[in-house]
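Enquirer: File follows, final.cif with mmCIF, C-alpha atoms:
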data_final
#
loop_
_atom_site.group_PDB
_atom_site.id
_atom_site.type_symbol
_atom_site.label_atom_id
_atom_site.label_comp_id
_atom_site.auth_asym_id
_atom_site.auth_seq_id
_atom_site.Cartn_x
_atom_site.Cartn_y
_atom_site.Cartn_z
ATOM 1 C CA MET F 1 -29.493 21.094 -5.069
ATOM 2 C CA THR F 2 -28.094 17.729 -6.004
ATOM 3 C CA SER F 3 -24.453 17.256 -5.149
ATOM 4 C CA ARG F 4 -21.982 16.188 -7.789
ATOM 5 C CA GLU F 5 -21.802 12.707 -6.300
ATOM 6 C CA ASP F 6 -25.580 12.252 -6.300
ATOM 7 C CA TRP F 7 -25.830 13.453 -9.835
ATOM 8 C CA TRP F 8 -23.538 10.700 -11.025
ATOM 9 C CA TYR F 9 -25.049 8.008 -8.896
ATOM 10 C CA ASP F 10 -27.689 5.944 -10.597
ATOM 11 C CA GLU F 11 -29.469 2.951 -9.062
ATOM 12 C CA ALA F 12 -28.949 0.712 -12.090
ATOM 13 C CA ALA F 13 -25.474 1.777 -13.090
ATOM 14 C CA GLY F 14 -24.207 2.089 -9.559
ATOM 15 C CA PRO F 15 -21.173 4.120 -8.579
ATOM 16 C CA LEU F 16 -19.221 3.163 -11.697
ATOM 17 C CA VAL F 17 -20.665 5.746 -14.028
ATOM 18 C CA ARG F 18 -18.422 8.488 -12.783
ATOM 19 C CA PRO F 19 -15.138 6.589 -13.026
ATOM 20 C CA TYR F 20 -16.133 5.219 -16.414
ATOM 21 C CA ALA F 21 -16.994 8.675 -17.704
ATOM 22 C CA MET F 22 -13.736 10.051 -16.354
ATOM 23 C CA VAL F 23 -11.662 7.747 -18.506
ATOM 24 C CA ARG F 24 -13.857 8.554 -21.526
ATOM 25 C CA GLY F 25 -14.164 5.041 -22.772
ATOM 26 C CA ARG F 26 -10.482 4.185 -22.507
ATOM 27 C CA THR F 27 -10.447 0.911 -20.689
ATOM 28 C CA ARG F 28 -6.924 0.079 -19.662
ATOM 29 C CA PRO F 29 -3.773 2.011 -18.849
ATOM 30 C CA ASN F 30 -1.223 2.285 -21.645
ATOM 31 C CA ALA F 31 1.515 2.269 -19.050
ATOM 32 C CA PRO F 32 1.249 -1.277 -17.694
ATOM 33 C CA ASP F 33 3.843 -0.888 -14.960
ATOM 34 C CA LEU F 34 1.873 1.274 -12.567
ATOM 35 C CA HIS F 35 1.710 -0.431 -9.198
ATOM 36 C CA LEU F 36 0.423 0.676 -5.797
ATOM 37 C CA VAL F 37 3.680 2.267 -4.694
ATOM 38 C CA THR F 38 5.006 3.413 -8.085
ATOM 39 C CA GLN F 39 6.122 7.009 -7.538
ATOM 40 C CA VAL F 40 4.747 9.688 -9.831
ATOM 41 C CA ARG F 41 5.578 13.353 -9.997
ATOM 42 C CA ALA F 42 4.578 16.260 -12.235
ATOM 43 C CA SER F 43 7.373 17.254 -14.583
ATOM 44 C CA SER F 44 8.676 20.791 -14.274
ATOM 45 C CA PHE F 45 8.425 20.964 -18.068
ATOM 46 C CA ALA F 46 4.736 20.023 -18.217
ATOM 47 C CA SER F 47 3.055 20.835 -21.503
ATOM 48 C CA ASP F 48 0.071 23.096 -22.050
ATOM 49 C CA GLN F 49 -2.722 21.870 -19.767
ATOM 50 C CA THR F 50 -5.696 23.493 -21.482
ATOM 51 C CA SER F 51 -6.676 20.277 -23.243
ATOM 52 C CA LEU F 52 -6.621 18.285 -20.021
ATOM 53 C CA THR F 53 -9.715 17.216 -18.079
ATOM 54 C CA VAL F 54 -10.421 18.416 -14.577
ATOM 55 C CA GLU F 55 -9.247 15.077 -13.184
ATOM 56 C CA HIS F 56 -5.963 15.217 -15.098
ATOM 57 C CA ARG F 57 -5.346 18.697 -13.731
ATOM 58 C CA GLU F 58 -6.182 17.549 -10.219
ATOM 59 C CA ILE F 59 -3.550 14.836 -10.617
ATOM 60 C CA MET F 60 -0.989 17.364 -11.893
ATOM 61 C CA ALA F 61 -1.657 19.566 -8.861
ATOM 62 C CA LEU F 62 -1.393 16.641 -6.428
ATOM 63 C CA CYS F 63 1.841 15.474 -8.039
ATOM 64 C CA ALA F 64 3.631 18.760 -7.517
ATOM 65 C CA ARG F 65 5.373 16.596 -4.906
ATOM 66 C CA PRO F 66 6.165 12.908 -5.450
ATOM 67 C CA LEU F 67 3.318 10.542 -4.556
ATOM 68 C CA SER F 68 2.487 6.879 -5.009
ATOM 69 C CA VAL F 69 -0.246 5.741 -7.406
ATOM 70 C CA ALA F 70 -2.171 4.547 -4.336
ATOM 71 C CA GLU F 71 -2.003 8.019 -2.746
ATOM 72 C CA VAL F 72 -3.229 9.714 -5.926
ATOM 73 C CA ALA F 73 -6.185 7.298 -6.065
ATOM 74 C CA ALA F 74 -6.987 7.867 -2.386
ATOM 75 C CA TYR F 75 -6.837 11.668 -2.642
ATOM 76 C CA LEU F 76 -8.971 11.698 -5.808
ATOM 77 C CA ASP F 77 -11.296 9.114 -4.267
ATOM 78 C CA VAL F 78 -11.517 6.995 -7.404
ATOM 79 C CA PRO F 79 -10.658 3.305 -7.926
ATOM 80 C CA LEU F 80 -7.022 2.466 -8.676
ATOM 81 C CA ILE F 81 -7.732 1.269 -12.209
ATOM 82 C CA VAL F 82 -9.186 4.665 -13.113
ATOM 83 C CA VAL F 83 -6.202 6.553 -11.719
ATOM 84 C CA LYS F 84 -3.867 4.251 -13.628
ATOM 85 C CA VAL F 85 -5.636 5.114 -16.891
ATOM 86 C CA LEU F 86 -5.522 8.847 -16.165
ATOM 87 C CA LEU F 87 -1.885 8.723 -15.068
ATOM 88 C CA SER F 88 -0.818 6.852 -18.178
ATOM 89 C CA ASP F 89 -2.292 9.667 -20.297
ATOM 90 C CA LEU F 90 -0.101 12.144 -18.429
ATOM 91 C CA ILE F 91 2.957 9.888 -18.648
ATOM 92 C CA GLU F 92 2.487 9.577 -22.425
ATOM 93 C CA ARG F 93 2.382 13.356 -22.697
ATOM 94 C CA GLY F 94 5.580 13.592 -20.700
ATOM 95 C CA ASP F 95 3.789 15.588 -18.021
ATOM 96 C CA VAL F 96 4.353 13.036 -15.270
ATOM 97 C CA LEU F 97 7.625 11.326 -14.325
ATOM 98 C CA VAL F 98 7.619 7.759 -12.998
ATOM 99 C CA GLN F 99 9.872 5.753 -10.707
ATOM 100 C CA ASN F 100 9.098 2.087 -10.370
ATOM 101 C CA SER F 101 10.204 -0.027 -7.453
ATOM 102 C CA SER F 102 12.117 -3.223 -7.899
ATOM 103 C CA PRO F 103 10.010 -6.389 -7.637
ATOM 104 C CA LYS F 104 12.850 -7.851 -5.554
ATOM 105 C CA ILE F 105 13.370 -7.457 -1.827
ATOM 106 C CA PRO F 106 15.393 -4.242 -1.282
ATOM 107 C CA ASP F 107 19.176 -4.573 -0.993
ATOM 108 C CA ARG F 108 21.180 -4.072 2.163
ATOM 109 C CA ASN F 109 21.944 -0.364 1.651
ATOM 110 C CA LEU F 110 18.312 0.456 1.074
ATOM 111 C CA LEU F 111 17.251 -1.611 4.101
ATOM 112 C CA GLN F 112 19.839 0.187 6.255
ATOM 113 C CA ALA F 113 18.477 3.555 5.120
ATOM 114 C CA VAL F 114 14.917 2.472 5.947
ATOM 115 C CA LEU F 115 16.045 1.136 9.332
ATOM 116 C CA ASP F 116 17.772 4.435 10.186
ATOM 117 C CA GLY F 117 14.736 6.369 8.960
ATOM 118 C CA VAL F 118 12.233 4.396 11.013
ATOM 119 C CA ARG F 119 14.418 4.696 14.124
ATOM 120 C CA GLY F 120 14.498 8.437 13.579
ATOM 121 C CA ILE F 121 10.752 9.102 13.420
ATOM 122 C CA MET T 1 11.125 17.968 2.461
ATOM 123 C CA VAL T 2 12.521 19.335 -0.814
ATOM 124 C CA PHE T 3 12.588 16.695 -3.513
ATOM 125 C CA VAL T 4 15.100 18.435 -5.769
ATOM 126 C CA GLY T 5 18.634 17.169 -6.358
ATOM 127 C CA SER T 6 21.776 19.299 -6.063
ATOM 128 C CA ASP T 7 21.752 19.713 -9.861
ATOM 129 C CA GLY T 8 18.221 21.094 -9.733
ATOM 130 C CA GLN T 9 16.728 17.905 -11.209
ATOM 131 C CA LEU T 10 13.448 16.736 -9.766
ATOM 132 C CA ILE T 11 13.860 13.635 -7.632
ATOM 133 C CA VAL T 12 11.324 10.877 -7.997
ATOM 134 C CA PRO T 13 11.905 8.730 -4.899
ATOM 135 C CA THR T 14 12.136 4.967 -4.672
ATOM 136 C CA ALA T 15 9.284 3.396 -2.721
ATOM 137 C CA VAL T 16 9.566 0.456 -0.372
ATOM 138 C CA LYS T 17 6.761 -1.218 1.527
ATOM 139 C CA ILE T 18 5.965 -3.259 4.570
ATOM 140 C CA VAL T 19 2.824 -5.367 4.795
ATOM 141 C CA ILE T 20 0.829 -5.388 8.026
ATOM 142 C CA ALA T 21 -1.154 -8.623 8.002
ATOM 143 C CA GLY T 22 -3.259 -10.625 10.422
ATOM 144 C CA GLY T 23 -6.838 -11.670 10.961
ATOM 145 C CA PHE T 24 -9.853 -9.416 11.188
ATOM 146 C CA GLY T 25 -9.737 -7.039 14.151
ATOM 147 C CA THR T 26 -6.113 -7.674 15.127
ATOM 148 C CA GLY T 27 -5.199 -3.974 14.917
ATOM 149 C CA LYS T 28 -3.655 -3.663 11.438
ATOM 150 C CA THR T 29 -5.009 -0.202 10.655
ATOM 151 C CA THR T 30 -4.312 0.875 14.239
ATOM 152 C CA MET T 31 -0.650 0.008 13.780
ATOM 153 C CA VAL T 32 -0.489 1.788 10.408
ATOM 154 C CA ALA T 33 -2.061 4.877 11.996
ATOM 155 C CA SER T 34 0.275 4.930 14.977
ATOM 156 C CA VAL T 35 3.460 5.247 12.892
ATOM 157 C CA SER T 36 2.266 6.882 9.661
ATOM 158 C CA GLU T 37 3.108 10.554 9.057
ATOM 159 C CA ILE T 38 -0.302 11.048 7.435
ATOM 160 C CA PRO T 39 -3.712 9.827 8.621
ATOM 161 C CA PRO T 40 -4.181 6.391 6.999
ATOM 162 C CA LEU T 41 -5.497 6.602 3.451
ATOM 163 C CA ARG T 42 -7.883 4.218 1.773
ATOM 164 C CA THR T 43 -7.738 3.153 -1.835
ATOM 165 C CA GLU T 44 -10.067 0.830 -3.688
ATOM 166 C CA GLU T 45 -9.609 -1.801 -6.352
ATOM 167 C CA LEU T 46 -12.525 -2.955 -8.465
ATOM 168 C CA LEU T 47 -13.427 -6.609 -8.491
ATOM 169 C CA THR T 48 -16.073 -8.596 -10.257
ATOM 170 C CA GLU T 49 -18.532 -10.372 -7.985
ATOM 171 C CA ALA T 50 -16.583 -13.568 -8.629
ATOM 172 C CA GLY T 51 -13.599 -11.946 -6.935
ATOM 173 C CA VAL T 52 -11.634 -11.482 -10.146
ATOM 174 C CA HIS T 53 -9.352 -8.476 -10.355
ATOM 175 C CA VAL T 54 -10.554 -5.810 -12.782
ATOM 176 C CA ASP T 55 -7.604 -4.652 -14.866
ATOM 177 C CA ASP T 56 -9.644 -3.565 -17.847
ATOM 178 C CA LEU T 57 -12.690 -1.338 -17.678
ATOM 179 C CA ALA T 58 -14.154 -2.706 -20.923
ATOM 180 C CA GLY T 59 -17.761 -3.697 -20.290
ATOM 181 C CA ILE T 60 -17.393 -3.037 -16.592
ATOM 182 C CA GLU T 61 -20.597 -1.015 -16.499
ATOM 183 C CA GLY T 62 -22.565 -4.172 -17.260
ATOM 184 C CA LYS T 63 -20.927 -6.381 -14.661
ATOM 185 C CA ASP T 64 -21.677 -6.811 -11.014
ATOM 186 C CA THR T 65 -18.690 -5.336 -9.304
ATOM 187 C CA THR T 66 -17.502 -4.868 -5.804
ATOM 188 C CA THR T 67 -14.500 -3.115 -4.330
ATOM 189 C CA VAL T 68 -11.727 -4.161 -2.031
ATOM 190 C CA ALA T 69 -10.353 -1.450 0.220
ATOM 191 C CA LEU T 70 -6.720 -1.098 1.243
ATOM 192 C CA ASP T 71 -5.666 1.091 4.139
ATOM 193 C CA PHE T 72 -2.143 2.432 4.062
ATOM 194 C CA GLY T 73 0.203 4.921 5.622
ATOM 195 C CA ARG T 74 3.462 6.604 4.718
ATOM 196 C CA ILE T 75 6.839 7.343 6.295
ATOM 197 C CA THR T 76 9.164 9.612 4.322
ATOM 198 C CA ILE T 77 12.620 8.157 5.012
ATOM 199 C CA ASN T 78 14.564 10.839 3.101
ATOM 200 C CA THR T 79 14.301 12.686 -0.218
ATOM 201 C CA LYS T 80 15.103 9.494 -2.127
ATOM 202 C CA VAL T 81 13.200 6.822 -0.195
ATOM 203 C CA VAL T 82 9.584 6.553 0.953
ATOM 204 C CA LEU T 83 8.213 3.693 3.039
ATOM 205 C CA TYR T 84 4.567 2.630 2.716
ATOM 206 C CA LEU T 85 2.731 0.467 5.226
ATOM 207 C CA PHE T 86 -0.157 -1.522 3.822
ATOM 208 C CA GLY T 87 -2.772 -3.291 5.878
ATOM 209 C CA THR T 88 -3.987 -6.449 4.150
ATOM 210 C CA PRO T 89 -7.664 -6.642 3.176
ATOM 211 C CA GLY T 90 -9.730 -8.280 5.878
ATOM 212 C CA GLN T 91 -11.314 -10.990 3.789
ATOM 213 C CA ASN T 92 -9.041 -13.798 2.752
ATOM 214 C CA ARG T 93 -10.739 -14.200 -0.610
ATOM 215 C CA PHE T 94 -8.743 -11.234 -1.872
ATOM 216 C CA TRP T 95 -5.521 -13.209 -2.182
ATOM 217 C CA PHE T 96 -4.575 -11.549 -5.466
ATOM 218 C CA MET T 97 -4.194 -8.266 -3.563
ATOM 219 C CA TRP T 98 -1.850 -9.959 -1.118
ATOM 220 C CA ASP T 99 0.359 -10.980 -4.036
ATOM 221 C CA GLU T 100 0.637 -7.420 -5.283
ATOM 222 C CA LEU T 101 1.293 -6.157 -1.750
ATOM 223 C CA ALA T 102 3.944 -8.772 -1.040
ATOM 224 C CA THR T 103 5.896 -8.364 -4.290
ATOM 225 C CA GLY T 104 9.116 -6.518 -3.529
ATOM 226 C CA ALA T 105 8.105 -5.872 0.081
ATOM 227 C CA ILE T 106 10.736 -5.574 2.818
ATOM 228 C CA GLY T 107 8.609 -8.076 4.690
ATOM 229 C CA ALA T 108 5.479 -8.462 6.742
ATOM 230 C CA VAL T 109 4.302 -8.055 10.301
ATOM 231 C CA VAL T 110 1.681 -10.653 11.186
ATOM 232 C CA LEU T 111 -0.407 -9.205 14.000
ATOM 233 C CA VAL T 112 -1.847 -11.732 16.388
ATOM 234 C CA ASP T 113 -4.665 -11.518 18.880
ATOM 235 C CA THR T 114 -4.102 -14.313 21.398
ATOM 236 C CA ARG T 115 -7.861 -14.707 21.881
ATOM 237 C CA ARG T 116 -8.136 -15.693 18.207
ATOM 238 C CA LEU T 117 -4.827 -17.259 17.282
ATOM 239 C CA ASP T 118 -6.345 -19.261 14.443
ATOM 240 C CA SER T 119 -7.235 -16.081 12.563
ATOM 241 C CA SER T 120 -3.533 -15.492 11.890
ATOM 242 C CA PHE T 121 -2.831 -18.938 10.395
ATOM 243 C CA PRO T 122 -3.691 -17.949 6.793
ATOM 244 C CA SER T 123 -1.328 -14.939 6.940
ATOM 245 C CA ILE T 124 1.530 -17.019 8.323
ATOM 246 C CA ASP T 125 0.981 -19.705 5.666
ATOM 247 C CA PHE T 126 0.962 -17.086 2.945
ATOM 248 C CA PHE T 127 4.341 -15.557 3.862
ATOM 249 C CA GLU T 128 5.962 -18.907 4.707
ATOM 250 C CA HIS T 129 5.053 -20.387 1.323
ATOM 251 C CA ARG T 130 6.392 -17.379 -0.570
ATOM 252 C CA ALA T 131 9.570 -17.155 1.510
ATOM 253 C CA ILE T 132 8.790 -13.534 2.377
ATOM 254 C CA PRO T 133 10.490 -12.345 5.580
ATOM 255 C CA PHE T 134 7.957 -11.886 8.376
ATOM 256 C CA ILE T 135 7.752 -11.510 12.111
ATOM 257 C CA VAL T 136 4.844 -12.160 14.466
ATOM 258 C CA ALA T 137 3.714 -9.301 16.716
ATOM 259 C CA VAL T 138 1.314 -10.140 19.532
ATOM 260 C CA ASN T 139 -0.984 -7.162 19.980
ATOM 261 C CA CYS T 140 -1.657 -6.812 23.714
ATOM 262 C CA PHE T 141 -4.843 -4.772 23.375
ATOM 263 C CA ASP T 142 -5.805 -4.167 26.948
ATOM 264 C CA GLY T 143 -2.383 -4.415 28.484
ATOM 265 C CA SER T 144 -3.154 -7.895 29.709
ATOM 266 C CA GLN T 145 -0.905 -10.463 28.219
ATOM 267 C CA LEU T 146 -2.447 -13.898 28.261
ATOM 268 C CA TYR T 147 0.479 -15.896 26.932
ATOM 269 C CA THR T 148 4.250 -15.731 26.824
ATOM 270 C CA VAL T 149 6.178 -15.339 23.578
ATOM 271 C CA ASP T 150 7.208 -18.999 23.794
ATOM 272 C CA GLU T 151 3.621 -20.143 24.244
ATOM 273 C CA VAL T 152 2.541 -18.147 21.186
ATOM 274 C CA ARG T 153 5.458 -19.509 19.155
ATOM 275 C CA HIS T 154 4.514 -23.042 20.126
ATOM 276 C CA ALA T 155 0.792 -22.536 19.466
ATOM 277 C CA LEU T 156 1.524 -21.105 16.011
ATOM 278 C CA ASP T 157 4.111 -23.820 15.313
ATOM 279 C CA LEU T 158 6.643 -21.190 14.244
ATOM 280 C CA ASP T 159 10.198 -21.833 13.175
ATOM 281 C CA GLU T 160 12.805 -20.702 15.741
ATOM 282 C CA ALA T 161 14.162 -18.202 13.205
ATOM 283 C CA ILE T 162 10.906 -16.216 13.105
ATOM 284 C CA PRO T 163 10.968 -13.402 15.684
ATOM 285 C CA VAL T 164 7.930 -13.109 17.956
ATOM 286 C CA VAL T 165 7.459 -9.802 19.783
ATOM 287 C CA LEU T 166 4.844 -8.266 22.072
ATOM 288 C CA CYS T 167 3.422 -4.887 21.158
ATOM 289 C CA ASP T 168 0.679 -2.364 21.631
ATOM 290 C CA ALA T 169 -0.407 -1.323 18.130
ATOM 291 C CA ARG T 170 -1.887 1.935 19.479
ATOM 292 C CA ASP T 171 1.493 3.038 20.777
ATOM 293 C CA ARG T 172 3.831 4.750 18.320
ATOM 294 C CA GLU T 173 7.078 3.693 20.024
ATOM 295 C CA SER T 174 5.862 0.125 20.351
ATOM 296 C CA SER T 175 4.837 -0.044 16.684
ATOM 297 C CA LYS T 176 8.128 1.555 15.681
ATOM 298 C CA SER T 177 10.078 -1.145 17.481
ATOM 299 C CA VAL T 178 8.038 -3.809 15.675
ATOM 300 C CA LEU T 179 9.031 -2.275 12.319
ATOM 301 C CA VAL T 180 12.680 -2.087 13.423
ATOM 302 C CA GLU T 181 12.558 -5.769 14.395
ATOM 303 C CA LEU T 182 11.128 -6.694 10.969
ATOM 304 C CA ILE T 183 13.690 -4.658 9.000
ATOM 305 C CA GLN T 184 16.531 -6.213 11.012
ATOM 306 C CA HIS T 185 15.065 -9.663 10.424
ATOM 307 C CA SER T 186 14.881 -8.934 6.708
ATOM 308 C CA MET T 187 18.533 -7.776 6.723
ATOM 309 C CA ASN T 188 19.601 -10.940 8.557
ATOM 310 C CA ARG T 189 17.752 -13.047 6.025
ATOM 311 C CA LEU T 190 19.521 -11.210 3.211
ATOM 312 C CA ALA T 191 22.902 -11.817 4.850
ATOM 313 C CA ALA T 192 22.129 -15.513 5.256
ATOM 314 C CA VAL T 193 21.403 -16.071 1.550
#
What is this structure when it is put down as structure tokens?

Expert:
Amino acid sequence: MTSREDWWYDEAAGPLVRPYAMVRGRTRPNAPDLHLVTQVRASSFASDQTSLTVEHREIMALCARPLSVAEVAAYLDVPLIVVKVLLSDLIERGDVLVQNSSPKIPDRNLLQAVLDGVRGI
Amino acid sequence: MVFVGSDGQLIVPTAVKIVIAGGFGTGKTTMVASVSEIPPLRTEELLTEAGVHVDDLAGIEGKDTTTVALDFGRITINTKVVLYLFGTPGQNRFWFMWDELATGAIGAVVLVDTRRLDSSFPSIDFFEHRAIPFIVAVNCFDGSQLYTVDEVRHALDLDEAIPVVLCDARDRESSKSVLVELIQHSMNRLAAV
């Protein structure tokens, strides 16, 4: 039997068919501020999930604990751009909460916390 | 770790990051692996063949695309702060990824293999030009140390203010002390501004 991966893989289209199908023609994330380390987490008040795709539900399950966008992409094994599109759907629905990092170098208090944390591992 | 505040609200932590840079084969992923609480993960960005970042999937199915892989690890500092360690992509043509990695980073560790010092020049240039705090860590692979810290500093033409340390990227304690050195350097830089 052909595996799911093989089924999607086509010589001419290459490995992009699956990601492209997953976003169902939507081409860019509506939430533009999703970066590699942006933290996402499933809301405890998530709406009815019956209309969601398998991939959306996988993301909701993964995000039961806070994760970065990069971690979600790695665990789902899809390119970052695809995860960003899927995540922005969930953010729009209010199903996923977001915490962006500052583009500036962290302040002294935050650095001290990181220093203590790294020393403690 | 329970990510729920005392009022029962869900906590979405703040993320910070450290970039582990250096030439090909200097031990970047090894260092990430030695301190990360999870086995290093890999994530992929899509690029066109010309090396342009894909931030829109429109028409992507008709274009020749390639991917650039990023290896990273994670250290949960506490319920409110998570640290990520990102290895830079091996090929220097992916500079746009370096920009995203470096934005808002605590700083960078430039790993150096003394047998191929020149392979670390592009990394050092990158962080110097963007005024991003960095330290140089000489990865002593086989325990044999060919040069002293001063010799490496001189060969790399480094400013006196840039810390240079010896390490073994395979060793957790050694890699930890490199991170501590970088965070302290970053704090000193902050105090000096």

Enquirer: Just checking: using all atoms listed in the file, which residue out of F:Asn30, F:Asn109, F:Ser51, F:Thr38 ends up closest to Val69 in chain F?

Expert: F:Thr38

Enquirer: Report the distance between CA of Leu41 in chain T and CA of Phe86 in chain T in Å, rounded to one decimal place.

Expert: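 Distance reported for this atom pair: 9.7 Å.
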
Enquirer: Spell out the residues picked by the PyMOL selection byres ((chain F) within 9 of (chain T)) here, as a PyMOL selection string.

Expert: chain F and resi 13-14+16-17+20+25-29+35-41+43-44+65-68+70-75+77-82+97-108+110-121

Enquirer: Quick one: everything within 8 Å of Leu87 in chain F, counting all atoms listed in the file, minus sequence neighbours fewer than 2 positions away in the same chain. Send it as a list in words.

Expert: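 The residues satisfying every condition are Pro29, His56, Ile59, Val83, Lys84, Val85, Asp89, Leu90, Ile91 and Val96 of chain F.
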
Enquirer: Just say which residues the PyMOL selection byres ((chain T and resi 166-171) around 8) picks in this file, as a list in words.

Expert: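 This file gives the following for the PyMOL selection byres ((chain T and resi 166-171) around 8): Gly27, Lys28, Thr30, Met31, Ser34, Ala137, Val138, Asn139, Cys140, Phe141, Gly143, Val149, Val164, Val165, Arg172, Glu173, Ser174, Ser175 and Val178 of chain T.
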
Enquirer: Between CA of Ile20 in chain T and CA of Val109 in chain T, what distance in Å does the model show, to one decimal?

Expert: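 Between CA of Ile20 in chain T and CA of Val109 in chain T the gap is 4.9 Å.
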
Enquirer: Output the residue selection produced by the PyMOL selection byres ((chain T and resi 157) around 12) on the file above, formatted as a short mmCIF file (atom, residue, chain, number, x, y, z; two decimals) with C-alpha atoms, in the coordinates of the input.

Expert:
data_model
loop_
_atom_site.label_atom_id
_atom_site.label_comp_id
_atom_site.auth_asym_id
_atom_site.auth_seq_id
_atom_site.Cartn_x
_atom_site.Cartn_y
_atom_site.Cartn_z
CA LEU T 117 -4.83 -17.26 17.28
CA ASP T 118 -6.34 -19.26 14.44
CA SER T 120 -3.53 -15.49 11.89
CA PHE T 121 -2.83 -18.94 10.40
CA ILE T 124 1.53 -17.02 8.32
CA ASP T 125 0.98 -19.70 5.67
CA GLU T 128 5.96 -18.91 4.71
CA VAL T 136 4.84 -12.16 14.47
CA ASP T 150 7.21 -19.00 23.79
CA GLU T 151 3.62 -20.14 24.24
CA VAL T 152 2.54 -18.15 21.19
CA ARG T 153 5.46 -19.51 19.16
CA HIS T 154 4.51 -23.04 20.13
CA ALA T 155 0.79 -22.54 19.47
CA LEU T 156 1.52 -21.10 16.01
CA LEU T 158 6.64 -21.19 14.24
CA ASP T 159 10.20 -21.83 13.18
CA GLU T 160 12.80 -20.70 15.74
CA ALA T 161 14.16 -18.20 13.20
CA ILE T 162 10.91 -16.22 13.10
CA VAL T 164 7.93 -13.11 17.96
#

Enquirer: Could you tell me which of T:Val32, T:Gln145, T:Arg189, T:His129 comes closest to Val19 in chain T if we count all atoms listed in the file?

Expert: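 Among the listed residues, T:Val32 lies closest to Val19 in chain T.
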
Enquirer: When distances are computed from all atoms listed in the file, which of F:Leu52, F:Ala61, F:Ala42, F:Leu34 shows the smallest separation from Leu76 in chain F?

Expert: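 Nearest to Leu76 in chain F: F:Ala61.
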
Enquirer: Do you have the CA of Phe126 in chain T-CA of Pro163 in chain T distance handy?

Expert: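 CA of Pro163 in chain T lies at a distance of 16.6 Å from CA of Phe126 in chain T.
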